[in-house]
file query26.txt (compact mmCIF, C-alpha atoms)
# COMPACT_ATOMS: atom_id res chain seq x y z
CA MET A 15 21.24 1.25 11.27
CA THR A 16 19.57 2.25 8.02
CA PHE A 17 16.34 0.36 7.36
CA SER A 18 14.18 0.54 4.24
CA LEU A 19 10.67 -0.67 3.51
CA ALA A 20 8.72 -0.64 0.25
CA THR A 21 5.05 -1.04 -0.62
CA TRP A 22 3.70 -1.91 -4.07
CA ASN A 23 0.37 -3.02 -5.48
CA ILE A 24 1.79 -5.42 -8.03
CA ASN A 25 -1.50 -6.45 -9.73
CA SER A 26 -0.53 -10.16 -10.03
CA VAL A 27 2.79 -11.23 -8.55
CA ARG A 28 3.26 -14.15 -10.93
CA LEU A 29 2.57 -12.07 -14.03
CA ARG A 30 4.98 -9.35 -12.92
CA LEU A 31 7.57 -11.45 -11.13
CA PRO A 32 10.42 -10.25 -13.41
CA LEU A 33 9.59 -6.64 -12.49
CA VAL A 34 9.57 -7.45 -8.77
CA THR A 35 12.86 -9.34 -8.79
CA GLU A 36 14.51 -6.57 -10.84
CA PHE A 37 13.16 -3.99 -8.38
CA LEU A 38 14.64 -5.97 -5.47
CA ARG A 39 17.99 -6.24 -7.26
CA ARG A 40 18.17 -2.50 -7.96
CA TYR A 41 16.66 -1.02 -4.79
CA ALA A 42 17.16 -3.78 -2.20
CA PRO A 43 14.64 -2.73 0.48
CA ASP A 44 14.87 -4.72 3.71
CA ILE A 45 11.15 -5.47 3.50
CA LEU A 46 8.73 -5.38 0.55
CA CYS A 47 4.96 -5.37 1.09
CA LEU A 48 2.94 -6.42 -1.96
CA GLN A 49 -0.78 -6.06 -2.53
CA GLU A 50 -3.18 -7.58 -5.06
CA ILE A 51 -0.92 -10.59 -5.54
CA LYS A 52 -3.83 -12.57 -7.06
CA CYS A 53 -2.69 -16.07 -6.16
CA PRO A 54 -3.32 -18.61 -3.40
CA ASP A 55 -0.58 -19.33 -0.88
CA GLU A 56 0.47 -22.61 -2.47
CA PHE A 57 1.18 -21.00 -5.85
CA PHE A 58 3.16 -18.04 -4.54
CA PRO A 59 6.67 -17.92 -6.12
CA TYR A 60 8.57 -18.34 -2.85
CA GLN A 61 11.74 -19.67 -4.46
CA ALA A 62 12.22 -16.60 -6.65
CA PHE A 63 12.25 -14.41 -3.55
CA HIS A 64 14.54 -16.77 -1.68
CA ASP A 65 16.92 -16.67 -4.63
CA ALA A 66 16.78 -12.85 -4.56
CA GLY A 67 17.96 -12.81 -0.95
CA TYR A 68 14.58 -12.62 0.79
CA PRO A 69 14.19 -15.85 2.76
CA HIS A 70 11.30 -14.69 4.95
CA VAL A 71 7.81 -14.54 3.42
CA ALA A 72 4.38 -14.14 4.99
CA ILE A 73 1.35 -14.33 2.74
CA SER A 74 -2.41 -14.12 2.78
CA GLY A 75 -3.49 -15.08 -0.72
CA GLN A 76 -6.53 -16.23 -2.65
CA LYS A 77 -7.18 -17.37 -6.19
CA GLY A 78 -7.58 -14.65 -8.79
CA TYR A 79 -8.29 -11.74 -6.45
CA HIS A 80 -6.84 -9.55 -3.71
CA GLY A 81 -4.06 -11.00 -1.53
CA VAL A 82 -1.12 -9.46 0.31
CA ALA A 83 2.44 -10.65 0.94
CA THR A 84 5.29 -9.38 3.10
CA ILE A 85 8.77 -10.34 1.90
CA SER A 86 11.80 -9.70 4.07
CA ARG A 87 15.55 -10.02 4.44
CA LEU A 88 14.99 -9.84 8.20
CA PRO A 89 13.25 -12.54 10.20
CA ILE A 90 9.52 -11.81 10.47
CA GLU A 91 6.85 -13.44 12.58
CA LEU A 92 3.24 -13.69 11.44
CA VAL A 93 0.90 -11.97 13.90
CA GLU A 94 -2.49 -11.96 12.19
CA ARG A 95 -4.45 -12.33 8.98
CA ARG A 96 -7.56 -10.33 9.85
CA ASP A 97 -10.79 -10.90 7.92
CA PHE A 98 -12.21 -7.39 7.73
CA CYS A 99 -15.98 -7.12 7.30
CA ALA A 100 -16.24 -10.95 7.49
CA LYS A 101 -16.07 -11.16 3.70
CA GLY A 102 -13.46 -13.89 3.52
CA ASP A 103 -11.19 -11.63 1.43
CA CYS A 104 -7.43 -11.69 1.90
CA ARG A 105 -6.76 -7.99 2.41
CA HIS A 106 -4.63 -7.76 5.55
CA LEU A 107 -1.51 -9.25 7.01
CA SER A 108 0.40 -8.19 10.11
CA THR A 109 3.92 -9.29 11.00
CA ILE A 110 6.52 -8.30 13.56
CA PHE A 111 10.24 -7.78 13.03
CA GLN A 112 13.21 -6.37 14.92
CA ALA A 113 15.33 -3.49 13.71
CA GLY A 114 17.44 -0.92 15.51
CA GLY A 115 16.50 -2.27 18.91
CA LEU A 116 12.77 -1.97 18.20
CA ASN A 117 10.05 -4.57 17.84
CA VAL A 118 8.05 -3.24 14.90
CA LEU A 119 4.49 -4.34 14.16
CA LEU A 120 3.89 -4.06 10.41
CA HIS A 121 0.41 -3.98 8.86
CA ASN A 122 0.08 -4.65 5.12
CA PHE A 123 -3.34 -3.61 3.71
CA TYR A 124 -5.28 -3.81 0.48
CA VAL A 125 -8.43 -1.74 0.98
CA PRO A 126 -11.40 -2.42 -1.35
CA ALA A 127 -11.52 -0.16 -4.42
CA GLY A 128 -15.25 0.50 -3.98
CA GLY A 129 -16.61 0.22 -7.50
CA ASP A 130 -17.63 3.17 -9.64
CA GLU A 131 -20.73 4.64 -7.98
CA PRO A 132 -20.05 6.56 -4.73
CA ASP A 133 -23.41 5.76 -3.17
CA PRO A 134 -23.48 3.03 -0.50
CA GLU A 135 -27.25 2.66 -0.89
CA ILE A 136 -27.00 1.42 -4.46
CA ASN A 137 -23.40 0.18 -4.63
CA PRO A 138 -22.53 -2.67 -2.22
CA LYS A 139 -18.85 -2.39 -3.16
CA PHE A 140 -18.78 1.20 -1.92
CA ARG A 141 -20.63 0.21 1.24
CA HIS A 142 -18.00 -2.48 1.80
CA LYS A 143 -15.22 0.07 1.39
CA LEU A 144 -16.72 2.47 3.92
CA ASP A 145 -17.32 -0.36 6.38
CA PHE A 146 -13.75 -1.56 5.90
CA ILE A 147 -12.32 1.88 6.73
CA GLU A 148 -14.56 2.07 9.79
CA GLU A 149 -13.31 -1.31 11.00
CA MET A 150 -9.70 -0.18 10.45
CA ARG A 151 -10.19 2.16 13.43
CA LEU A 152 -9.39 -0.90 15.54
CA VAL A 153 -5.85 -0.89 14.10
CA THR A 154 -3.96 1.64 16.19
CA ALA A 155 -0.33 2.75 16.15
CA GLU A 156 1.02 0.77 19.07
CA GLN A 157 4.28 2.13 20.47
CA GLY A 158 6.52 2.02 23.51
CA GLU A 159 10.15 2.37 24.56
CA THR A 160 11.14 -0.67 22.52
CA SER A 161 8.17 -1.00 20.16
CA ALA A 162 6.71 0.80 17.15
CA SER A 163 4.20 0.29 14.34
CA ILE A 164 4.08 0.77 10.57
CA LEU A 165 1.02 0.57 8.30
CA VAL A 166 1.44 0.37 4.53
CA GLY A 167 -0.49 -0.61 1.48
CA ASP A 168 -2.90 0.25 -1.26
CA LEU A 169 -5.57 2.06 0.74
CA ASN A 170 -7.42 3.05 -2.45
CA ILE A 171 -8.10 6.56 -1.16
CA ALA A 172 -6.31 9.80 -2.08
CA PRO A 173 -7.13 11.85 1.03
CA LEU A 174 -5.66 15.30 0.28
CA GLU A 175 -6.21 17.81 -2.50
CA ALA A 176 -2.57 17.46 -3.58
CA ASP A 177 -3.03 13.68 -3.81
CA VAL A 178 -5.02 13.93 -7.06
CA TRP A 179 -4.57 15.63 -10.40
CA SER A 180 -7.78 17.68 -9.96
CA HIS A 181 -9.48 17.99 -6.60
CA LYS A 182 -12.64 19.61 -8.03
CA GLN A 183 -13.06 17.12 -10.87
CA LEU A 184 -12.61 14.09 -8.61
CA LEU A 185 -14.89 15.05 -5.71
CA LYS A 186 -17.56 12.66 -7.03
CA ILE A 187 -15.10 9.98 -8.15
CA VAL A 188 -14.54 6.94 -5.93
CA SER A 189 -11.20 7.26 -4.09
CA HIS A 190 -11.50 11.02 -3.51
CA THR A 191 -15.08 11.58 -2.36
CA PRO A 192 -15.46 13.52 0.90
CA VAL A 193 -16.94 10.58 2.78
CA GLU A 194 -13.88 8.45 1.92
CA THR A 195 -11.22 11.08 2.51
CA ALA A 196 -12.75 12.23 5.80
CA GLY A 197 -13.16 8.63 6.94
CA LEU A 198 -9.57 7.69 6.19
CA GLU A 199 -8.08 10.81 7.78
CA SER A 200 -10.28 10.37 10.86
CA MET A 201 -9.18 6.75 11.14
CA ARG A 202 -5.51 7.72 10.70
CA THR A 203 -5.43 10.52 13.24
CA GLY A 204 -7.70 8.69 15.69
CA GLY A 205 -5.36 5.70 15.58
CA GLY A 206 -2.27 7.80 16.22
CA TRP A 207 -0.77 7.22 12.77
CA VAL A 208 1.64 9.64 11.06
CA ASP A 209 1.43 10.05 7.27
CA LEU A 210 5.13 9.65 6.47
CA MET A 211 4.80 10.46 2.79
CA ARG A 212 3.37 13.86 3.59
CA GLN A 213 5.89 14.37 6.37
CA ALA A 214 8.66 13.97 3.79
CA ILE A 215 6.84 15.67 0.88
CA PRO A 216 4.45 18.27 2.34
CA GLU A 217 1.53 19.82 0.52
CA PRO A 218 1.05 21.54 -1.87
CA GLU A 219 3.51 19.31 -3.75
CA LYS A 220 1.65 16.63 -5.69
CA ILE A 221 2.24 12.95 -4.98
CA TYR A 222 0.85 10.24 -7.27
CA THR A 223 1.37 6.48 -6.96
CA TRP A 224 -1.28 5.30 -9.45
CA TRP A 225 -2.13 6.11 -13.07
CA SER A 226 -5.05 4.44 -14.85
CA TYR A 227 -4.53 1.86 -17.57
CA ARG A 228 -7.29 3.67 -19.47
CA ALA A 229 -5.08 6.64 -20.33
CA ALA A 230 -3.64 6.44 -23.84
CA ASP A 231 -0.48 8.17 -22.57
CA TRP A 232 -0.36 8.09 -18.78
CA GLU A 233 2.77 10.24 -18.59
CA ALA A 234 1.53 13.01 -20.88
CA SER A 235 -1.92 13.25 -19.26
CA ASP A 236 -0.45 12.72 -15.75
CA ARG A 237 -3.85 12.17 -14.17
CA GLY A 238 -2.55 10.40 -11.11
CA ARG A 239 -3.70 9.74 -7.57
CA ARG A 240 -1.89 8.86 -4.33
CA LEU A 241 -3.60 5.60 -3.41
CA ASP A 242 -0.59 3.93 -1.74
CA HIS A 243 0.48 4.97 1.73
CA ILE A 244 3.14 4.54 4.41
CA TRP A 245 2.22 5.46 7.99
CA SER A 246 3.97 4.95 11.30
CA SER A 247 3.57 5.39 15.02
CA ALA A 248 4.70 8.79 16.29
CA ASN A 249 7.94 7.47 17.77
CA LEU A 250 9.16 6.34 14.33
CA SER A 251 8.42 9.54 12.43
CA PRO A 252 11.54 11.43 13.64
CA LYS A 253 13.62 8.51 12.36
CA LEU A 254 12.34 8.86 8.78
CA LYS A 255 15.22 9.63 6.46
CA GLY A 256 13.31 9.88 3.20
CA ILE A 257 10.50 8.77 0.88
CA GLU A 258 11.00 7.74 -2.75
CA VAL A 259 8.11 7.29 -5.18
CA LEU A 260 9.31 5.37 -8.25
CA ARG A 261 7.22 7.17 -10.83
CA HIS A 262 9.28 5.79 -13.71
CA ALA A 263 8.17 2.25 -12.79
CA ARG A 264 4.78 3.04 -14.35
CA GLY A 265 6.59 3.02 -17.69
CA TRP A 266 8.21 -0.40 -17.27
CA ASP A 267 7.28 -3.25 -19.60
CA ARG A 268 3.81 -4.64 -18.72
CA PRO A 269 3.67 -2.55 -15.53
CA SER A 270 1.27 -2.45 -12.64
CA ASP A 271 -0.89 0.67 -12.58
CA HIS A 272 0.69 1.41 -9.18
CA VAL A 273 4.36 2.19 -8.54
CA PRO A 274 6.58 1.25 -5.60
CA VAL A 275 7.05 3.62 -2.68
CA ILE A 276 10.15 3.28 -0.49
CA ALA A 277 10.63 4.67 3.03
CA THR A 278 14.09 4.81 4.58
CA PHE A 279 14.71 5.13 8.32
CA GLU A 280 17.72 5.73 10.56
CA LEU A 281 17.08 3.46 13.53
call {"tool": "encode", "arguments": {"input": "query26.txt", "output": "structure tokens"}}
result
Amino acid sequence: MTFSLATWNINSVRLRLPLVTEFLRRYAPDILCLQEIKCPDEFFPYQAFHDAGYPHVAISGQKGYHGVATISRLPIELVERRDFCAKGDCRHLSTIFQAGGLNVLLHNFYVPAGGDEPDPEINPKFRHKLDFIEEMRLVTAEQGETSASILVGDLNIAPLEADVWSHKQLLKIVSHTPVETAGLESMRTGGGWVDLMRQAIPEPEKIYTWWSYRAADWEASDRGRRLDHIWSSANLSPKLKGIEVLRHARGWDRPSDHVPVIATFEL
């Protein structure tokens, strides 16, 4: 069977609901993981997703900030909403689903952005981000003969040189500092995770999933970063058919500053 999964930091699901439903109509992933939904559970637009053919929804939301949601055509079972760093933020959701004879554990993450100053001694937001990544080491790529794992989301770190428009100019900019990139890559490899986006699109080819709202013309300046990621356990990586980054979505009406990323598997 062919199975597809998308991840997208939507930057307010209610504000951008028309974009999300149009995306689902045009691209029809089996599962969509959203981050930064910015609404509590009771105000999530469940019916719109049901009407779009996605009857299964798991959510960890809060008013005005953060929040993640996993929306699926396939039955999903909630496993955990983990409170990383004991902050009370809604930044993680894990579910399990069945596809191609596998039980797949799916983690949906929204990692803290970290503020502007890359010094944990003077910036508590950056300290929080580093602590969050350290605690993510507990999330490993579980796998077996009939099981596998996927981790997706806005991880707010562009780990490789080809993940940013200028490696040298961004070395002191939060999201690409050495302490962040080394921490994320150490967590990924230590947990047994495979970076599927870079498996499909190897360096030195650039990959961007985010362009700042501050740019007068995001497309002309093209100062992007790869902040959104799709990882899997090693037993799923040979089944990856392709990765699609919807760059043009950054130019949609009232867009998020992130674009959707779609992974397709042959299971």
call {"tool": "closest_residue", "arguments": {"input": "query26.txt", "among": "A:Met201, A:Ala196, A:Val125, A:Leu119", "to": "Gly81 of chain A", "atoms": "only C-alpha atoms"}}
result
A:Val125
call {"tool": "closest_residue", "arguments": {"input": "query26.txt", "among": "A:Leu260, A:Ala248, A:Val188, A:Leu254", "to": "Phe37 of chain A", "atoms": "all atoms listed in the file"}}
result
A:Leu260
call {"tool": "residues_around", "arguments": {"input": "query26.txt", "residues": "segment 140-147 of chain A", "least_positions_apart": "3", "cutoff": "8 Å", "atoms": "all atoms listed in the file", "output": "list of chain:residue names"}}
result
A:Phe98, A:Cys99, A:Val125, A:Pro126, A:Ala127, A:Gly128, A:Gly129, A:Glu131, A:Pro132, A:Asp133, A:Pro134, A:Glu135, A:Asn137, A:Met150, A:Arg151, A:Glu194, A:Gly197, A:Leu198, A:Met201
call {"tool": "closest_residue", "arguments": {"input": "query26.txt", "among": "A:Pro216, A:Gly167, A:Gly238, A:Gly256", "to": "Ser180 of chain A", "atoms": "all atoms listed in the file"}}
result
A:Gly238
call {"tool": "atom_distance", "arguments": {"input": "query26.txt", "atom1": "atom CA of Asp44 of chain A", "atom2": "atom CA of Gly158 of chain A"}}
result
22.5 Å
call {"tool": "closest_residue", "arguments": {"input": "query26.txt", "among": "A:Ile171, A:Ala83, A:Ala162, A:Ala277", "to": "Glu50 of chain A", "atoms": "only C-alpha atoms"}}
result
A:Ala83
call {"tool": "residues_around", "arguments": {"input": "query26.txt", "residues": "Ile215 of chain A", "least_positions_apart": "4", "cutoff": "10 Å", "atoms": "all atoms listed in the file", "output": "list of chain:residue names"}}
result
A:Leu210, A:Met211, A:Glu219, A:Lys220, A:Ile221, A:Gly256, A:Ile257, A:Glu258
call {"tool": "decode", "arguments": {"input": "query26.txt", "residues": "segment 103-122 of chain A", "atoms": "N, CA, C and O atoms", "output": "PDB file, in the first residue's frame"}}
result
ATOM      1  N   ASP A 103       3.277  23.369  28.660  1.00  0.00           N
ATOM      2  CA  ASP A 103       3.029  23.704  27.260  1.00  0.00           C
ATOM      3  C   ASP A 103       2.535  22.472  26.502  1.00  0.00           C
ATOM      4  O   ASP A 103       2.932  21.348  26.809  1.00  0.00           O
ATOM      5  N   CYS A 104       1.729  22.707  25.499  1.00  0.00           N
ATOM      6  CA  CYS A 104       1.226  21.622  24.647  1.00  0.00           C
ATOM      7  C   CYS A 104       2.096  21.549  23.388  1.00  0.00           C
ATOM      8  O   CYS A 104       1.809  22.219  22.383  1.00  0.00           O
ATOM      9  N   ARG A 105       3.135  20.749  23.458  1.00  0.00           N
ATOM     10  CA  ARG A 105       4.130  20.712  22.392  1.00  0.00           C
ATOM     11  C   ARG A 105       4.397  19.305  21.864  1.00  0.00           C
ATOM     12  O   ARG A 105       5.275  19.120  21.021  1.00  0.00           O
ATOM     13  N   HIS A 106       3.666  18.321  22.343  1.00  0.00           N
ATOM     14  CA  HIS A 106       3.916  16.949  21.919  1.00  0.00           C
ATOM     15  C   HIS A 106       2.633  16.142  21.964  1.00  0.00           C
ATOM     16  O   HIS A 106       1.778  16.337  22.831  1.00  0.00           O
ATOM     17  N   LEU A 107       2.549  15.235  21.013  1.00  0.00           N
ATOM     18  CA  LEU A 107       1.420  14.324  20.942  1.00  0.00           C
ATOM     19  C   LEU A 107       1.909  13.058  20.251  1.00  0.00           C
ATOM     20  O   LEU A 107       2.545  13.131  19.201  1.00  0.00           O
ATOM     21  N   SER A 108       1.663  11.901  20.849  1.00  0.00           N
ATOM     22  CA  SER A 108       2.000  10.656  20.171  1.00  0.00           C
ATOM     23  C   SER A 108       0.743   9.819  19.996  1.00  0.00           C
ATOM     24  O   SER A 108      -0.121   9.752  20.875  1.00  0.00           O
ATOM     25  N   THR A 109       0.642   9.202  18.829  1.00  0.00           N
ATOM     26  CA  THR A 109      -0.482   8.353  18.467  1.00  0.00           C
ATOM     27  C   THR A 109       0.070   7.081  17.836  1.00  0.00           C
ATOM     28  O   THR A 109       1.248   7.013  17.458  1.00  0.00           O
ATOM     29  N   ILE A 110      -0.791   6.096  17.688  1.00  0.00           N
ATOM     30  CA  ILE A 110      -0.399   4.869  17.004  1.00  0.00           C
ATOM     31  C   ILE A 110      -1.449   4.547  15.955  1.00  0.00           C
ATOM     32  O   ILE A 110      -2.645   4.779  16.163  1.00  0.00           O
ATOM     33  N   PHE A 111      -0.985   4.060  14.808  1.00  0.00           N
ATOM     34  CA  PHE A 111      -1.896   3.675  13.733  1.00  0.00           C
ATOM     35  C   PHE A 111      -1.340   2.434  13.046  1.00  0.00           C
ATOM     36  O   PHE A 111      -0.168   2.074  13.222  1.00  0.00           O
ATOM     37  N   GLN A 112      -2.181   1.801  12.242  1.00  0.00           N
ATOM     38  CA  GLN A 112      -1.776   0.603  11.505  1.00  0.00           C
ATOM     39  C   GLN A 112      -1.785   0.898  10.014  1.00  0.00           C
ATOM     40  O   GLN A 112      -2.728   1.493   9.490  1.00  0.00           O
ATOM     41  N   ALA A 113      -0.709   0.466   9.354  1.00  0.00           N
ATOM     42  CA  ALA A 113      -0.621   0.628   7.907  1.00  0.00           C
ATOM     43  C   ALA A 113       0.365  -0.403   7.366  1.00  0.00           C
ATOM     44  O   ALA A 113       1.452  -0.587   7.931  1.00  0.00           O
ATOM     45  N   GLY A 114      -0.010  -1.074   6.310  1.00  0.00           N
ATOM     46  CA  GLY A 114       0.885  -2.032   5.677  1.00  0.00           C
ATOM     47  C   GLY A 114       1.359  -3.135   6.597  1.00  0.00           C
ATOM     48  O   GLY A 114       2.493  -3.610   6.466  1.00  0.00           O
ATOM     49  N   GLY A 115       0.506  -3.543   7.523  1.00  0.00           N
ATOM     50  CA  GLY A 115       0.882  -4.606   8.444  1.00  0.00           C
ATOM     51  C   GLY A 115       1.767  -4.166   9.591  1.00  0.00           C
ATOM     52  O   GLY A 115       2.247  -5.002  10.361  1.00  0.00           O
ATOM     53  N   LEU A 116       1.981  -2.860   9.734  1.00  0.00           N
ATOM     54  CA  LEU A 116       2.826  -2.328  10.797  1.00  0.00           C
ATOM     55  C   LEU A 116       2.001  -1.525  11.798  1.00  0.00           C
ATOM     56  O   LEU A 116       1.060  -0.821  11.413  1.00  0.00           O
ATOM     57  N   ASN A 117       2.373  -1.609  13.058  1.00  0.00           N
ATOM     58  CA  ASN A 117       1.884  -0.692  14.076  1.00  0.00           C
ATOM     59  C   ASN A 117       2.894   0.445  14.175  1.00  0.00           C
ATOM     60  O   ASN A 117       4.039   0.223  14.574  1.00  0.00           O
ATOM     61  N   VAL A 118       2.477   1.630  13.800  1.00  0.00           N
ATOM     62  CA  VAL A 118       3.407   2.763  13.708  1.00  0.00           C
ATOM     63  C   VAL A 118       3.120   3.760  14.829  1.00  0.00           C
ATOM     64  O   VAL A 118       2.003   4.271  14.946  1.00  0.00           O
ATOM     65  N   LEU A 119       4.146   4.033  15.625  1.00  0.00           N
ATOM     66  CA  LEU A 119       4.069   5.051  16.668  1.00  0.00           C
ATOM     67  C   LEU A 119       4.494   6.379  16.064  1.00  0.00           C
ATOM     68  O   LEU A 119       5.606   6.499  15.538  1.00  0.00           O
ATOM     69  N   LEU A 120       3.619   7.363  16.135  1.00  0.00           N
ATOM     70  CA  LEU A 120       3.845   8.661  15.488  1.00  0.00           C
ATOM     71  C   LEU A 120       3.944   9.769  16.523  1.00  0.00           C
ATOM     72  O   LEU A 120       2.998  10.012  17.276  1.00  0.00           O
ATOM     73  N   HIS A 121       5.093  10.446  16.562  1.00  0.00           N
ATOM     74  CA  HIS A 121       5.314  11.587  17.446  1.00  0.00           C
ATOM     75  C   HIS A 121       5.162  12.880  16.642  1.00  0.00           C
ATOM     76  O   HIS A 121       5.777  13.043  15.589  1.00  0.00           O
ATOM     77  N   ASN A 122       4.382  13.806  17.177  1.00  0.00           N
ATOM     78  CA  ASN A 122       4.156  15.114  16.565  1.00  0.00           C
ATOM     79  C   ASN A 122       4.688  16.163  17.542  1.00  0.00           C
ATOM     80  O   ASN A 122       4.183  16.297  18.652  1.00  0.00           O
TER      81      ASN A 122
END
